[in-house]
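S.K.: The file below is model04.cif, mmCIF, C-alpha atoms:
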data_data
loop_
_atom_site.group_PDB
_atom_site.id
_atom_site.type_symbol
_atom_site.label_atom_id
_atom_site.label_comp_id
_atom_site.auth_asym_id
_atom_site.auth_seq_id
_atom_site.Cartn_x
_atom_site.Cartn_y
_atom_site.Cartn_z
ATOM 1 C CA MET A 1 0.345 12.690 18.731
ATOM 2 C CA GLU A 2 -0.704 12.726 15.084
ATOM 3 C CA GLN A 3 -2.895 9.865 13.847
ATOM 4 C CA LEU A 4 -1.977 8.418 10.450
ATOM 5 C CA ASN A 5 -4.386 6.497 8.235
ATOM 6 C CA SER A 6 -3.614 3.291 6.377
ATOM 7 C CA LYS A 7 -3.499 3.154 2.584
ATOM 8 C CA ILE A 8 -4.549 0.877 -0.248
ATOM 9 C CA LEU A 9 -2.481 0.405 -3.386
ATOM 10 C CA LEU A 10 -5.296 0.145 -5.926
ATOM 11 C CA PHE A 11 -2.944 -0.437 -8.864
ATOM 12 C CA GLY A 12 0.772 -0.746 -9.431
ATOM 13 C CA GLU A 13 1.897 -3.733 -7.361
ATOM 14 C CA TYR A 14 5.309 -4.731 -8.737
ATOM 15 C CA ALA A 15 4.710 -2.520 -11.799
ATOM 16 C CA ILE A 16 5.896 0.548 -9.864
ATOM 17 C CA LEU A 17 9.306 -1.092 -9.460
ATOM 18 C CA HIS A 18 9.567 -1.456 -13.250
ATOM 19 C CA ASP A 19 8.589 2.016 -14.503
ATOM 20 C CA GLY A 20 4.848 1.377 -14.313
ATOM 21 C CA MET A 21 2.156 3.663 -12.948
ATOM 22 C CA ALA A 22 0.592 3.275 -9.482
ATOM 23 C CA LEU A 23 -2.430 4.672 -7.658
ATOM 24 C CA VAL A 24 -2.679 4.786 -3.864
ATOM 25 C CA ILE A 25 -5.663 5.921 -1.791
ATOM 26 C CA PRO A 26 -6.015 6.560 1.968
ATOM 27 C CA PHE A 27 -8.172 4.185 4.028
ATOM 28 C CA ASP A 28 -9.211 5.689 7.343
ATOM 29 C CA LYS A 29 -10.758 2.572 8.912
ATOM 30 C CA TYR A 30 -7.266 1.550 10.009
ATOM 31 C CA HIS A 31 -4.726 3.913 11.539
ATOM 32 C CA GLY A 32 -1.807 4.257 13.923
ATOM 33 C CA ARG A 33 -0.153 6.822 16.177
ATOM 34 C CA PHE A 34 2.653 7.161 18.704
ATOM 35 C CA GLU A 35 1.716 6.935 22.380
ATOM 36 C CA LYS A 36 3.637 6.651 25.633
ATOM 37 C CA SER A 37 2.919 3.963 28.178
ATOM 38 C CA SER A 38 2.636 5.096 31.773
ATOM 39 C CA LYS A 39 4.968 3.440 34.258
ATOM 40 C CA THR A 40 2.163 3.583 36.814
ATOM 41 C CA CYS A 41 -0.168 1.518 34.622
ATOM 42 C CA GLU A 42 -0.323 -2.217 34.289
ATOM 43 C CA ILE A 43 2.330 -3.489 31.882
ATOM 44 C CA ASN A 44 0.944 -3.642 28.344
ATOM 45 C CA THR A 45 2.395 -6.470 26.253
ATOM 46 C CA GLU A 46 1.593 -4.729 22.974
ATOM 47 C CA ALA A 47 3.338 -1.552 24.120
ATOM 48 C CA LEU A 48 6.410 -3.451 25.316
ATOM 49 C CA GLN A 49 6.716 -5.405 22.070
ATOM 50 C CA SER A 50 6.292 -2.256 19.988
ATOM 51 C CA ASN A 51 8.858 -0.389 22.076
ATOM 52 C CA GLU A 52 11.402 -3.179 21.683
ATOM 53 C CA TYR A 53 10.797 -3.324 17.927
ATOM 54 C CA LEU A 54 11.205 0.442 17.637
ATOM 55 C CA ARG A 55 14.565 0.230 19.397
ATOM 56 C CA LYS A 56 15.824 -2.156 16.698
ATOM 57 C CA PHE A 57 14.447 0.096 13.976
ATOM 58 C CA CYS A 58 16.075 3.112 15.627
ATOM 59 C CA ALA A 59 19.463 1.400 15.365
ATOM 60 C CA PHE A 60 18.800 0.785 11.654
ATOM 61 C CA ILE A 61 17.773 4.409 11.141
ATOM 62 C CA SER A 62 21.029 5.654 12.652
ATOM 63 C CA SER A 63 22.929 4.037 9.788
ATOM 64 C CA ARG A 64 20.694 5.334 6.967
ATOM 65 C CA MET A 65 20.813 9.119 7.336
ATOM 66 C CA ASN A 66 22.613 11.644 5.166
ATOM 67 C CA ASP A 67 23.163 15.401 5.253
ATOM 68 C CA GLU A 68 19.819 16.050 3.537
ATOM 69 C CA PHE A 69 17.755 13.638 5.635
ATOM 70 C CA VAL A 70 18.506 13.935 9.339
ATOM 71 C CA LEU A 71 16.384 12.331 12.039
ATOM 72 C CA GLU A 72 16.669 13.326 15.687
ATOM 73 C CA VAL A 73 17.839 9.899 16.822
ATOM 74 C CA LYS A 74 18.766 11.042 20.334
ATOM 75 C CA LYS A 75 15.251 12.416 20.846
ATOM 76 C CA PHE A 76 13.840 9.147 19.499
ATOM 77 C CA GLU A 77 15.986 7.115 21.913
ATOM 78 C CA LYS A 78 14.987 9.346 24.840
ATOM 79 C CA GLU A 79 11.287 8.941 24.115
ATOM 80 C CA LEU A 80 11.718 5.187 23.751
ATOM 81 C CA ASP A 81 13.180 5.196 27.278
ATOM 82 C CA GLU A 82 10.053 7.102 28.322
ATOM 83 C CA GLY A 83 7.798 4.309 27.036
ATOM 84 C CA LEU A 84 7.116 5.373 23.449
ATOM 85 C CA PHE A 85 5.300 2.808 21.312
ATOM 86 C CA PHE A 86 3.283 2.739 18.099
ATOM 87 C CA LYS A 87 -0.375 1.950 18.719
ATOM 88 C CA SER A 88 -2.006 0.695 15.540
ATOM 89 C CA ASN A 89 -5.016 -1.291 14.375
ATOM 90 C CA ILE A 90 -3.555 -1.683 10.867
ATOM 91 C CA PRO A 91 -3.302 -5.441 10.328
ATOM 92 C CA GLN A 92 0.253 -6.514 9.582
ATOM 93 C CA GLY A 93 0.871 -8.514 6.419
ATOM 94 C CA TYR A 94 -2.400 -7.430 4.811
ATOM 95 C CA GLY A 95 -1.214 -4.833 2.299
ATOM 96 C CA LEU A 96 -2.615 -1.778 4.092
ATOM 97 C CA GLY A 97 0.649 -0.044 4.901
ATOM 98 C CA SER A 98 1.384 -1.004 8.504
ATOM 99 C CA SER A 99 5.114 -0.435 7.947
ATOM 100 C CA GLY A 100 4.451 2.666 5.829
ATOM 101 C CA ALA A 101 2.431 4.233 8.637
ATOM 102 C CA LEU A 102 5.235 3.595 11.127
ATOM 103 C CA VAL A 103 7.853 5.107 8.810
ATOM 104 C CA ALA A 104 5.614 8.127 8.164
ATOM 105 C CA ALA A 105 5.064 8.631 11.899
ATOM 106 C CA ILE A 106 8.796 8.515 12.624
ATOM 107 C CA VAL A 107 9.652 10.961 9.856
ATOM 108 C CA LEU A 108 6.941 13.444 10.844
ATOM 109 C CA ARG A 109 8.021 13.356 14.493
ATOM 110 C CA TYR A 110 11.798 13.169 14.264
ATOM 111 C CA LEU A 111 12.890 14.544 10.912
ATOM 112 C CA VAL A 112 14.777 17.806 11.269
ATOM 113 C CA LYS A 113 12.781 20.477 9.406
ATOM 114 C CA ALA A 114 9.858 18.071 9.011
ATOM 115 C CA LYS A 115 7.391 20.951 8.956
ATOM 116 C CA ASN A 116 9.186 22.535 6.017
ATOM 117 C CA ILE A 117 9.043 19.285 4.079
ATOM 118 C CA LYS A 118 5.317 18.894 4.749
ATOM 119 C CA ASP A 119 4.755 22.442 3.531
ATOM 120 C CA ASP A 120 6.821 21.736 0.412
ATOM 121 C CA ILE A 121 4.756 18.642 -0.321
ATOM 122 C CA LYS A 122 1.517 20.581 0.070
ATOM 123 C CA LEU A 123 2.892 23.067 -2.451
ATOM 124 C CA LYS A 124 3.493 20.090 -4.749
ATOM 125 C CA SER A 125 7.239 20.742 -5.014
ATOM 126 C CA TYR A 126 8.325 17.887 -7.283
ATOM 127 C CA GLN A 127 11.946 17.878 -6.163
ATOM 128 C CA LYS A 128 10.985 17.672 -2.475
ATOM 129 C CA ILE A 129 8.491 14.878 -3.182
ATOM 130 C CA LYS A 130 11.105 12.934 -5.133
ATOM 131 C CA GLU A 131 13.754 13.354 -2.425
ATOM 132 C CA LEU A 132 11.380 12.441 0.380
ATOM 133 C CA LYS A 133 9.997 9.419 -1.481
ATOM 134 C CA SER A 134 13.522 8.089 -1.961
ATOM 135 C CA SER A 135 14.411 8.543 1.709
ATOM 136 C CA LEU A 136 11.128 6.982 2.846
ATOM 137 C CA GLY A 137 11.781 3.981 0.618
ATOM 138 C CA ASP A 138 15.228 3.603 2.114
ATOM 139 C CA LEU A 139 13.777 3.474 5.629
ATOM 140 C CA GLU A 140 10.944 1.112 4.691
ATOM 141 C CA SER A 141 13.441 -1.273 3.101
ATOM 142 C CA TYR A 142 14.068 -2.413 6.688
ATOM 143 C CA PHE A 143 10.756 -4.265 6.518
ATOM 144 C CA HIS A 144 10.582 -5.448 2.900
ATOM 145 C CA GLY A 145 14.122 -5.551 1.548
ATOM 146 C CA VAL A 146 13.131 -3.022 -1.141
ATOM 147 C CA SER A 147 10.516 -0.256 -1.139
ATOM 148 C CA SER A 148 9.372 2.425 -3.565
ATOM 149 C CA GLY A 149 8.584 4.777 -0.661
ATOM 150 C CA LEU A 150 5.124 5.404 -2.095
ATOM 151 C CA ASP A 151 3.244 3.940 0.889
ATOM 152 C CA PRO A 152 4.666 6.259 3.574
ATOM 153 C CA LEU A 153 4.528 9.216 1.168
ATOM 154 C CA SER A 154 0.818 8.662 0.512
ATOM 155 C CA ILE A 155 0.181 8.196 4.236
ATOM 156 C CA ILE A 156 1.890 11.517 5.013
ATOM 157 C CA LEU A 157 -0.212 13.306 2.387
ATOM 158 C CA ASN A 158 -3.409 11.374 3.211
ATOM 159 C CA GLU A 159 -4.639 11.956 -0.352
ATOM 160 C CA PRO A 160 -4.917 9.774 -3.471
ATOM 161 C CA ILE A 161 -1.473 9.659 -5.078
ATOM 162 C CA LEU A 162 -0.822 8.967 -8.754
ATOM 163 C CA TYR A 163 2.683 7.795 -9.509
ATOM 164 C CA GLN A 164 3.116 8.319 -13.241
ATOM 165 C CA SER A 165 6.869 7.857 -13.416
ATOM 166 C CA THR A 166 10.015 8.609 -11.462
ATOM 167 C CA GLN A 167 9.646 12.123 -12.851
ATOM 168 C CA ASN A 168 5.995 12.658 -11.967
ATOM 169 C CA VAL A 169 4.291 12.015 -8.617
ATOM 170 C CA ILE A 170 1.052 13.966 -8.160
ATOM 171 C CA THR A 171 -2.157 13.955 -6.161
ATOM 172 C CA ALA A 172 -5.137 12.486 -8.001
ATOM 173 C CA GLU A 173 -8.912 12.879 -7.992
ATOM 174 C CA LEU A 174 -11.013 9.721 -7.845
ATOM 175 C CA PRO A 175 -14.179 9.310 -9.963
ATOM 176 C CA LYS A 176 -17.119 11.216 -8.518
ATOM 177 C CA GLN A 177 -19.655 9.204 -6.583
ATOM 178 C CA SER A 178 -22.849 8.639 -8.554
ATOM 179 C CA ALA A 179 -26.342 8.624 -7.067
ATOM 180 C CA ASP A 180 -26.727 4.856 -7.371
ATOM 181 C CA LYS A 181 -23.062 4.057 -6.525
ATOM 182 C CA SER A 182 -23.230 1.203 -9.020
ATOM 183 C CA ASN A 183 -19.455 0.643 -9.127
ATOM 184 C CA VAL A 184 -17.864 -0.821 -6.010
ATOM 185 C CA ILE A 185 -14.272 -1.464 -4.963
ATOM 186 C CA PHE A 186 -13.989 -3.985 -2.149
ATOM 187 C CA LEU A 187 -11.597 -6.141 -0.149
ATOM 188 C CA VAL A 188 -11.690 -9.914 0.309
ATOM 189 C CA ASP A 189 -10.081 -11.153 3.521
ATOM 190 C CA SER A 190 -7.900 -14.232 3.012
ATOM 191 C CA GLU A 191 -7.631 -14.549 6.815
ATOM 192 C CA SER A 192 -3.907 -15.212 6.495
ATOM 193 C CA PRO A 193 -1.111 -12.601 6.709
ATOM 194 C CA ARG A 194 1.858 -12.611 4.366
ATOM 195 C CA THR A 195 5.524 -11.650 4.430
ATOM 196 C CA THR A 196 6.194 -9.048 1.752
ATOM 197 C CA SER A 197 9.913 -9.788 1.470
ATOM 198 C CA ASN A 198 9.160 -13.442 0.598
ATOM 199 C CA MET A 199 6.772 -12.395 -2.171
ATOM 200 C CA MET A 200 9.329 -9.908 -3.498
ATOM 201 C CA LYS A 201 11.891 -12.707 -3.778
ATOM 202 C CA ARG A 202 9.381 -14.836 -5.645
ATOM 203 C CA PHE A 203 8.622 -12.024 -8.065
ATOM 204 C CA ASN A 204 12.302 -11.256 -8.643
ATOM 205 C CA ASN A 205 12.851 -14.886 -9.608
ATOM 206 C CA LEU A 206 10.049 -14.564 -12.167
ATOM 207 C CA ILE A 207 11.195 -11.263 -13.647
ATOM 208 C CA ASP A 208 14.676 -12.726 -14.177
ATOM 209 C CA THR A 209 13.225 -14.960 -16.890
ATOM 210 C CA ASP A 210 12.982 -13.376 -20.355
ATOM 211 C CA ILE A 211 9.568 -14.867 -21.140
ATOM 212 C CA PHE A 212 7.894 -13.446 -18.049
ATOM 213 C CA LYS A 213 9.781 -10.155 -18.248
ATOM 214 C CA ASN A 214 8.539 -9.487 -21.785
ATOM 215 C CA LYS A 215 4.961 -10.364 -20.904
ATOM 216 C CA PHE A 216 5.128 -8.260 -17.742
ATOM 217 C CA GLU A 217 6.362 -5.209 -19.643
ATOM 218 C CA ASN A 218 3.339 -5.474 -21.937
ATOM 219 C CA TYR A 219 1.065 -6.038 -18.916
ATOM 220 C CA ILE A 220 2.324 -2.810 -17.339
ATOM 221 C CA GLN A 221 1.449 -0.694 -20.366
ATOM 222 C CA GLU A 222 -1.789 -2.342 -21.461
ATOM 223 C CA ASP A 223 -3.378 -3.634 -18.258
ATOM 224 C CA ASN A 224 -1.899 -1.834 -15.256
ATOM 225 C CA ASN A 225 -1.476 1.646 -16.752
ATOM 226 C CA GLY A 226 -4.626 1.217 -18.823
ATOM 227 C CA SER A 227 -6.681 0.388 -15.716
ATOM 228 C CA ILE A 228 -5.423 3.474 -13.904
ATOM 229 C CA GLN A 229 -6.041 5.826 -16.815
ATOM 230 C CA SER A 230 -9.551 4.560 -17.591
ATOM 231 C CA PHE A 231 -10.453 4.554 -13.879
ATOM 232 C CA LEU A 232 -9.353 8.160 -13.322
ATOM 233 C CA ASN A 233 -11.044 9.216 -16.578
ATOM 234 C CA ASN A 234 -14.254 7.542 -15.344
ATOM 235 C CA ASP A 235 -14.434 5.507 -18.568
ATOM 236 C CA MET A 236 -16.089 2.503 -16.945
ATOM 237 C CA ASP A 237 -16.634 0.397 -20.064
ATOM 238 C CA LYS A 238 -12.946 0.595 -20.883
ATOM 239 C CA PHE A 239 -11.990 0.218 -17.236
ATOM 240 C CA TYR A 240 -13.787 -3.091 -16.738
ATOM 241 C CA LYS A 241 -12.116 -4.477 -19.866
ATOM 242 C CA ASN A 242 -8.736 -3.342 -18.535
ATOM 243 C CA ILE A 243 -9.291 -4.741 -15.053
ATOM 244 C CA HIS A 244 -10.535 -8.052 -16.480
ATOM 245 C CA ASN A 245 -7.333 -8.357 -18.522
ATOM 246 C CA LEU A 246 -5.237 -7.348 -15.508
ATOM 247 C CA SER A 247 -6.872 -10.042 -13.387
ATOM 248 C CA MET A 248 -6.412 -12.598 -16.154
ATOM 249 C CA PHE A 249 -2.693 -11.838 -16.449
ATOM 250 C CA GLN A 250 -2.178 -12.178 -12.699
ATOM 251 C CA TYR A 251 -4.127 -15.434 -12.643
ATOM 252 C CA ASP A 252 -2.325 -16.890 -15.672
ATOM 253 C CA TYR A 253 1.229 -15.838 -14.789
ATOM 254 C CA MET A 254 1.205 -15.025 -11.048
ATOM 255 C CA LYS A 255 -1.420 -17.447 -9.776
ATOM 256 C CA GLU A 256 0.690 -18.509 -6.798
ATOM 257 C CA PHE A 257 0.666 -14.897 -5.542
ATOM 258 C CA PHE A 258 -3.004 -15.368 -4.636
ATOM 259 C CA PRO A 259 -3.722 -17.381 -1.487
ATOM 260 C CA GLU A 260 -4.647 -20.893 -2.598
ATOM 261 C CA LYS A 261 -8.134 -20.658 -1.100
ATOM 262 C CA LEU A 262 -8.890 -17.561 -3.249
ATOM 263 C CA GLN A 263 -7.526 -18.793 -6.579
ATOM 264 C CA SER A 264 -10.833 -20.415 -7.564
ATOM 265 C CA LEU A 265 -12.617 -17.127 -6.800
ATOM 266 C CA VAL A 266 -10.317 -15.247 -9.187
ATOM 267 C CA ALA A 267 -11.073 -17.790 -11.903
ATOM 268 C CA LYS A 268 -14.825 -17.631 -11.166
ATOM 269 C CA GLY A 269 -14.825 -13.859 -11.624
ATOM 270 C CA LEU A 270 -12.990 -14.200 -14.932
ATOM 271 C CA ASP A 271 -15.580 -16.730 -16.102
ATOM 272 C CA ASN A 272 -18.792 -14.960 -15.044
ATOM 273 C CA GLY A 273 -17.653 -11.354 -15.549
ATOM 274 C CA ASP A 274 -19.529 -10.168 -12.464
ATOM 275 C CA TYR A 275 -16.370 -9.110 -10.651
ATOM 276 C CA SER A 276 -12.585 -8.979 -11.069
ATOM 277 C CA LEU A 277 -10.069 -9.788 -8.339
ATOM 278 C CA LYS A 278 -6.461 -8.629 -8.266
ATOM 279 C CA LEU A 279 -3.537 -8.529 -5.871
ATOM 280 C CA CYS A 280 -3.552 -5.987 -3.073
ATOM 281 C CA GLY A 281 0.098 -5.092 -2.742
ATOM 282 C CA ALA A 282 2.584 -7.947 -2.785
ATOM 283 C CA GLY A 283 0.023 -10.750 -2.567
ATOM 284 C CA GLY A 284 0.559 -14.060 -0.817
ATOM 285 C CA GLY A 285 -2.081 -13.377 1.842
ATOM 286 C CA GLY A 286 -3.810 -10.488 3.549
ATOM 287 C CA PHE A 287 -6.446 -8.758 1.435
ATOM 288 C CA THR A 288 -7.298 -9.241 -2.230
ATOM 289 C CA LEU A 289 -8.873 -6.340 -4.139
ATOM 290 C CA GLY A 290 -12.151 -6.641 -6.022
ATOM 291 C CA PHE A 291 -13.982 -4.476 -8.579
ATOM 292 C CA THR A 292 -17.594 -4.873 -9.652
ATOM 293 C CA ARG A 293 -20.609 -3.146 -11.162
ATOM 294 C CA ASN A 294 -22.835 -5.969 -9.859
ATOM 295 C CA TRP A 295 -22.364 -5.623 -6.116
ATOM 296 C CA GLU A 296 -25.367 -7.636 -4.933
ATOM 297 C CA THR A 297 -24.557 -10.504 -7.300
ATOM 298 C CA THR A 298 -20.904 -10.371 -6.284
ATOM 299 C CA LYS A 299 -21.759 -10.551 -2.585
ATOM 300 C CA ASN A 300 -23.754 -13.687 -3.325
ATOM 301 C CA HIS A 301 -20.848 -15.232 -5.259
ATOM 302 C CA LEU A 302 -18.481 -14.492 -2.367
ATOM 303 C CA LYS A 303 -20.907 -15.068 0.507
ATOM 304 C CA ASP A 304 -18.501 -17.419 2.297
ATOM 305 C CA TYR A 305 -15.869 -14.692 2.618
ATOM 306 C CA GLN A 306 -15.571 -11.500 4.616
ATOM 307 C CA LEU A 307 -15.961 -8.568 2.229
ATOM 308 C CA GLU A 308 -15.395 -4.908 2.928
ATOM 309 C CA GLU A 309 -16.590 -2.123 0.688
ATOM 310 C CA ILE A 310 -13.981 0.613 0.418
ATOM 311 C CA TYR A 311 -15.269 2.904 -2.340
ATOM 312 C CA ALA A 312 -18.549 3.132 -4.247
ATOM 313 C CA TYR A 313 -18.997 5.511 -7.144
#
Please lay out the structure from this file as structure tokens.
M.R.:
Amino acid sequence: MEQLNSKILLFGEYAILHDGMALVIPFDKYHGRFEKSSKTCEINTEALQSNEYLRKFCAFISSRMNDEFVLEVKKFEKELDEGLFFKSNIPQGYGLGSSGALVAAIVLRYLVKAKNIKDDIKLKSYQKIKELKSSLGDLESYFHGVSSGLDPLSIILNEPILYQSTQNVITAELPKQSADKSNVIFLVDSESPRTTSNMMKRFNNLIDTDIFKNKFENYIQEDNNGSIQSFLNNDMDKFYKNIHNLSMFQYDYMKEFFPEKLQSLVAKGLDNGDYSLKLCGAGGGGFTLGFTRNWETTKNHLKDYQLEEIYAY
């Protein structure tokens, strides 16, 4: 059965839910796929737990379909009885799309006319992308309470996705890798998972206040959108100014969204200018994203933490 890669939301956390831009890239270190457990094999706890979870999700799916988005629920139920489970090494609660990969796998396997939709996406049919993104978000809401649908969409495409607005979702081209690969994007492991729905509630409480809402609207245009545009344009001088300001806003106004043990590292990067840290998805745990043009120095600053390089250019 088809293997699906994880994803990383480089930019756009929370902003995408308020008319901001977002950029998602595939990350093939982590992935998941459907498999079937054999009744003749020793009972696998992971497979049993996954199968039971899928049964609950299947019941949810049955109530979310419409005439334009029909999943073969009976086929899904039959294969669950045959031992179907989702085998994945995507860490849950880390911002890498564990729920998005599951939703993508279900849609690609059980959606009626799934092949036609995949072909439409490859042809960059805007209307099909918009419709599918909405339906994917509806399914993923089971896990998070609310979802833009961008995670499973990007996982299905397995390409960088630029979300410019509700009217414009396109594939994107990342900056070309240079000979010295002096610019590095990396992950910092907080070693603690998070619950996305809890962080969403916390953010919604913030955005309900006029002071934060006004500052956040300016942050979207200047810092979030500015970071994406300068990054894709390979304007690194402007990009590092944008990402510094983005990190500063998140530290000043959303500090509690960073795991407590990493908050001092965010502040240290703002002070020394060697690196910038930002949220990876909803925040609250899992991974934190880092950007630097001084990789060796940054590794020394963060030597007590597990770092993972994800893109050098």
S.K.: Could you name the residues that touch A:Phe203 at 10 Å or less, counting only C-alpha atoms, but leaving out those on the same chain fewer than 5 positions away, as a ChimeraX atom specification?
M.R.: /A:14,197-198,208,254,257,282
S.K.: Excluding stretch 228-240 of chain A and residues on its chain fewer than 6 positions from it, collect all residues at most 12 Å away from it, counting all atoms listed in the file, and give them as a ChimeraX atom specification.
M.R.: /A:9-12,15,20-24,160-164,171-178,182-185,220-222,246-247,269-270,273-277,290-294,313
S.K.: State, in Å with one decimal place, the distance from atom CA of A:Glu191 to atom CA of A:Lys261.
M.R.: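 Distance reported for this atom pair: 10.0 Å.
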S.K.: Hey, can you check how far atom CA of A:Leu48 sits from atom CA of A:Asn89?
M.R.: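 Computing it gives 16.0 Å between the two atoms.
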S.K.: Quick one: which residues end up in the PyMOL selection byres ((chain A and resi 73) around 12) for this structure, as a PyMOL selection string?
M.R.: chain A and resi 54-55+57-65+69-72+74-80+106-107+109-112
S.K.: Can you translate the PyMOL selection byres ((chain A and resi 83) around 6) into the concrete residues it hits in this file, as a ChimeraX atom specification?
M.R.: /A:36-37,80-82,84
S.K.: Please produce a file of the residues just selected, as a PDB file, keeping the file's coordinate frame, where the atoms kept are C-alpha atoms.
M.R.:
ATOM      1  CA  LYS A  36       3.637   6.651  25.633  1.00  0.00           C
ATOM      2  CA  SER A  37       2.919   3.963  28.178  1.00  0.00           C
ATOM      3  CA  LEU A  80      11.718   5.187  23.751  1.00  0.00           C
ATOM      4  CA  ASP A  81      13.180   5.196  27.278  1.00  0.00           C
ATOM      5  CA  GLU A  82      10.053   7.102  28.322  1.00  0.00           C
ATOM      6  CA  LEU A  84       7.116   5.373  23.449  1.00  0.00           C
TER       7      LEU A  84
END
S.K.: Rank nothing, just name the residue among A:Leu17, A:Pro26, A:Ser165, A:Arg33 nearest to A:Gln3, using all atoms listed in the file.
M.R.: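 Comparing A:Leu17, A:Pro26, A:Ser165, A:Arg33 against A:Gln3, the winner is A:Arg33.
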S.K.: Could you tell me how far atom CA of A:Leu157 sits from atom CA of A:Ile90, in Å to one decimal place?
M.R.: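 Computing the Euclidean distance for atom CA of A:Ile90 and atom CA of A:Leu157 yields 17.5 Å.
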S.K.: Please provide the set of residues having any atom within 8 Å of A:Ile155, restricted to all atoms listed in the file, with same-chain residues fewer than 3 positions apart removed, written as a PyMOL selection string.
M.R.: chain A and resi 4-7+26+100-101+104+151-152+158-159
S.K.: Using C-alpha atoms, can you export the residues from the last selection as a compact mmCIF listing (two decimals), in the frame of the given file?
M.R.:
# COMPACT_ATOMS: atom_id res chain seq x y z
CA LEU A 4 -1.98 8.42 10.45
CA ASN A 5 -4.39 6.50 8.24
CA SER A 6 -3.61 3.29 6.38
CA LYS A 7 -3.50 3.15 2.58
CA PRO A 26 -6.02 6.56 1.97
CA GLY A 100 4.45 2.67 5.83
CA ALA A 101 2.43 4.23 8.64
CA ALA A 104 5.61 8.13 8.16
CA ASP A 151 3.24 3.94 0.89
CA PRO A 152 4.67 6.26 3.57
CA ASN A 158 -3.41 11.37 3.21
CA GLU A 159 -4.64 11.96 -0.35
S.K.: So which residues are close to (16.3, 12.3, 2.7), meaning at most 8 Å away in the file's coordinates with all atoms listed in the file counted, and can you show them as a ChimeraX atom specification?
M.R.: /A:65-70,131-132,134-136
S.K.: Excluding A:Ala47 and any residue of its chain fewer than 3 positions from it, enumerate the residues within 10 Å of it, using only C-alpha atoms, and give them as a list in words.
M.R.: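 These residues fall inside the cut-off: Glu35, Lys36, Ser37, Ile43, Asn44, Ser50, Asn51, Glu52, Tyr53, Gly83, Leu84, Phe85, Phe86 and Lys87 of chain A.
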S.K.: Which residues, named as in the file, does the PyMOL selection byres ((chain A and resi 308) around 7) pick out? Answer as JSON, numbers by chain.
M.R.: {"A": [186, 187, 188, 306, 307, 309, 310]}
S.K.: Using only C-alpha atoms, which residue out of A:Ser88, A:Gln263, A:Ile16, A:Asp304 lies closest to A:Lys29?
M.R.: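 Closest candidate: A:Ser88.
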S.K.: From the options A:Gly97, A:Gly32, A:Gly281, A:Pro91, which residue's atoms come nearest to A:Glu140, counting all atoms listed in the file?
M.R.: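 Ranked by minimum distance to A:Glu140, first place goes to A:Gly97.
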S.K.: Quick one: what's the axis-aligned box for stretch 133-146 of chain A, all listed atoms, 4 Å on every side, centre and edges in Å to one decimal, as JSON?
M.R.:
{"center_x": 12.6, "center_y": 1.9, "center_z": 2.4, "size_x": 13.2, "size_y": 23.0, "size_z": 16.6}
S.K.: For each of A:Gln92, A:Ser190, A:Phe258, A:Leu150, take the minimum atom-to-atom distance to A:Lys130, counting only C-alpha atoms, then give the residue where this is smallest.
M.R.: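 Closest residue, counting only C-alpha atoms: A:Leu150.
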S.K.: Using all atoms listed in the file, pick whichever of A:Asn214, A:Gly286, A:Lys268, A:Asp138 has the shortest atom-to-atom distance to A:Tyr94.
M.R.: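 For A:Tyr94, the nearest of the given residues is A:Gly286.
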S.K.: With all atoms listed in the file as the atoms that count, which of A:Ile207, A:Asn168, A:Lys56, A:Leu265 lies nearest to A:Thr298?
M.R.: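 Closest residue, counting all atoms listed in the file: A:Leu265.
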S.K.: What's the 7 Å shell around A:Gly137, counting all atoms listed in the file, without same-chain residues fewer than 4 positions away, as a PyMOL selection string?
M.R.: chain A and resi 133+141+147-149
S.K.: Complete stretch 177-185 of chain A at the level of N, CA and C atoms, written as a PDB file, in the coordinates of the input.
M.R.:
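See out39.pdb below for the written result:
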ATOM      1  N   GLN A 177     -18.648  10.175  -6.977  1.00  0.00           N
ATOM      2  CA  GLN A 177     -19.655   9.204  -6.583  1.00  0.00           C
ATOM      3  C   GLN A 177     -20.970   9.511  -7.280  1.00  0.00           C
ATOM      4  N   SER A 178     -21.565   8.481  -7.882  1.00  0.00           N
ATOM      5  CA  SER A 178     -22.849   8.639  -8.554  1.00  0.00           C
ATOM      6  C   SER A 178     -23.985   8.418  -7.554  1.00  0.00           C
ATOM      7  N   ALA A 179     -25.185   8.758  -7.961  1.00  0.00           N
ATOM      8  CA  ALA A 179     -26.342   8.624  -7.067  1.00  0.00           C
ATOM      9  C   ALA A 179     -26.589   7.170  -6.680  1.00  0.00           C
ATOM     10  N   ASP A 180     -26.442   6.267  -7.664  1.00  0.00           N
ATOM     11  CA  ASP A 180     -26.727   4.856  -7.371  1.00  0.00           C
ATOM     12  C   ASP A 180     -25.502   4.087  -6.885  1.00  0.00           C
ATOM     13  N   LYS A 181     -24.300   4.698  -6.965  1.00  0.00           N
ATOM     14  CA  LYS A 181     -23.062   4.057  -6.525  1.00  0.00           C
ATOM     15  C   LYS A 181     -22.971   2.631  -7.080  1.00  0.00           C
ATOM     16  N   SER A 182     -23.147   2.522  -8.388  1.00  0.00           N
ATOM     17  CA  SER A 182     -23.230   1.203  -9.020  1.00  0.00           C
ATOM     18  C   SER A 182     -21.886   0.489  -9.125  1.00  0.00           C
ATOM     19  N   ASN A 183     -20.793   1.240  -9.057  1.00  0.00           N
ATOM     20  CA  ASN A 183     -19.455   0.643  -9.127  1.00  0.00           C
ATOM     21  C   ASN A 183     -18.861   0.562  -7.723  1.00  0.00           C
ATOM     22  N   VAL A 184     -18.358  -0.606  -7.369  1.00  0.00           N
ATOM     23  CA  VAL A 184     -17.864  -0.821  -6.010  1.00  0.00           C
ATOM     24  C   VAL A 184     -16.468  -1.437  -6.038  1.00  0.00           C
ATOM     25  N   ILE A 185     -15.582  -0.872  -5.214  1.00  0.00           N
ATOM     26  CA  ILE A 185     -14.272  -1.464  -4.963  1.00  0.00           C
ATOM     27  C   ILE A 185     -14.334  -2.078  -3.571  1.00  0.00           C
TER      28      ILE A 185
END
